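Notes follow the structure.
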Amino acid sequence: MNAVDTVTELKLEENLPYHAIKGPTPSVLADIYRHDSNIVVWQRDLSDELKHSVSNFLKHQSTRSRLLTVTPENTQEVLKEVFGEAEMIRSLYEDIALVVDMFCCLFELSHAGLRLTILDSAMCPRFHVDHVPCRLVTTYQGIATEWLNHETTDRTKLGAGNQGKTDELSGLFKSQHDVNRLTEGDVALLKGENWDECSGTGLVHRSPQVAENERRLLLTLDFISN
């Protein structure tokens with residue numbers, strides 16, 4: 001499947017040097033190539049069938065995280081080999097294969113690094129930037145990734161610059177109103193520091209805190225050497 005299927009109306013957050021671009025169809029993902037974007041979001045609602053498949057996957061999986069190398073052609077086969085084959089989780093495998101296909105098509109990749117992670121706590125609880133060209137993230141169940149607008153972020157407070165203070169107290173951002181959050185089902189492309197001409201503007205983001213007795217299912221895709 002081609003990542004660009006139809007022209008969609010884009011929602012731009014006004015008055016930002018680096019826009020968050022959002023749209024209801026996968027064609028919006030192509031706007032990651034715009035020089036003034038550092039996050040692009042395909043806003044989608046998961047079908048009841050897919051939600052049921054995700055729930056069944058979480059009920060029967062004890063492995064917390066697996067990093068796999070996949071191609072658009074073999075994604076479903078690799079997932080079945082690693083996690084098992086069952087009709088009740090078929091829709092999840094099909095959707096992951098679709099997302100892999102779009103990611104590889106968009107960036108002209110023959111392979112992708114796929115990580116499927118079950119979380120009951122924040123994986124990366126501090127705001128940070130990724131030292132990659134671009135990363136795809138989507139949360140199939142649970143609270144989703146948080147991120148900051150470029151213009152409201154004091155990047156000197158990242159890492160050791162926080163001087164031991166929490167993100168909320170370090171001066172990294174001014175108020176909780178500056179914290180944006182993706183929605184369950186959203187497919188987002190996050191530019192990292194290694195995107196061409198993106199040094200110092202990679203998206204600042206973090207994993208959200210997971211409530212007690214809740215679990216997240218997170219998919220990430222990365223560029224990988226062939």
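Residues in the structure tokens are named by chain (A, B, ... in the order shown) and by number from 1 within that chain; ligands are numbered from 1 in the order shown.
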
Check range 41-188 of chain A with DSSP on the backbone and list each residue it calls alpha helix (DSSP H), as a PyMOL selection string. chain A and resi 48-60+75-83+90-107

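Residue-level DSSP output for range 21-55 of chain A, from the backbone, shows strand (DSSP E) at Ile21, Lys22, Gly23, Ser37, Asn38, Ile39, Val40, Val41 and Trp42 of chain A.
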
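Residue nearest Arg216 in chain A, chosen from A:Arg34, A:Lys165, A:Arg90, A:Arg64 and counting only C-alpha atoms: A:Arg64.
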
May I have the residues within 10 Å of range 41-51 of chain A as a VMD selection string, using only C-alpha atoms and disregarding those fewer than 6 positions away in the same chain? chain A and resid 10 to 11 20 to 29 31 to 32 57 88 to 95 136 to 138 140 to 141 182 to 190

Considering only C-alpha atoms, return as a list in words whatever protein or nucleic-acid residues lie within 9 Å of Asp167 in chain A, sequence-local ones (same chain, fewer than 6 positions apart) excluded. Arg126, Phe127, Lys157, Leu158 and Phe173 of chain A

Based on the selection just made, write C-alpha atoms of those residues as a PDB file, in the first residue's frame.
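Listing of result-v9.pdb after writing:
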ATOM      1  CA  ARG A 126      11.764  12.034  31.152  1.00  0.00           C
ATOM      2  CA  PHE A 127      11.346  14.332  28.182  1.00  0.00           C
ATOM      3  CA  LYS A 157      16.955  21.801  30.550  1.00  0.00           C
ATOM      4  CA  LEU A 158      17.112  18.411  28.802  1.00  0.00           C
ATOM      5  CA  PHE A 173       8.353  24.025  29.874  1.00  0.00           C
TER       6      PHE A 173
END

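Atom pair CA of Lys59 in chain A / CA of Val82 in chain A: separated by 15.9 Å.
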
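Taking only C-alpha atoms into account, Ser62 in chain A lies nearest to A:Thr117 out of the set A:Thr117, A:Asn38, A:Gln76, A:Thr166.
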
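One finds CA of Leu68 in chain A at 28.6 Å from CA of Glu212 in chain A.
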
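Across the model, the gap from CA of Leu98 in chain A to CA of Asn194 in chain A is 25.5 Å.
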
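For Phe223 in chain A, the list of residues within 8 Å, based on only C-alpha atoms and with local chain neighbours fewer than 6 positions off taken out, reads Leu109, His111, Ala112, Gly113, Val132, Pro133, Cys134 and Arg135 of chain A.
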
Could you dump the residues just selected with C-alpha atoms as a compact mmCIF listing (two decimals), in the first residue's frame?
# COMPACT_ATOMS: atom_id res chain seq x y z
CA LEU A 109 13.22 1.27 3.03
CA HIS A 111 13.62 -3.26 6.13
CA ALA A 112 12.45 -1.66 9.39
CA GLY A 113 13.32 -2.16 13.02
CA VAL A 132 17.55 8.89 14.96
CA PRO A 133 16.31 10.35 11.66
CA CYS A 134 12.65 9.58 12.32
CA ARG A 135 10.64 7.20 14.50

Can you list, as a PyMOL selection string, every protein, DNA or RNA residue that comes within 8 Å of Leu217 in chain A when you count only C-alpha atoms, leaving out same-chain residues fewer than 4 positions away? chain A and resi 54+58+116-119+139-142

Close residues, range 144-152 of chain A itself excluded, 7 Å, only C-alpha atoms, min 4 positions apart in chain, as JSON, numbers by chain: {"A": [16, 17, 18, 139, 173, 178, 179, 180, 181, 182, 183, 184, 201, 204, 205, 206, 207, 208]}

Measuring atom to atom with only C-alpha atoms, identify which of A:Ala97, A:Leu172, A:Leu203, A:Leu114 is nearest to Thr153 in chain A. A:Leu172
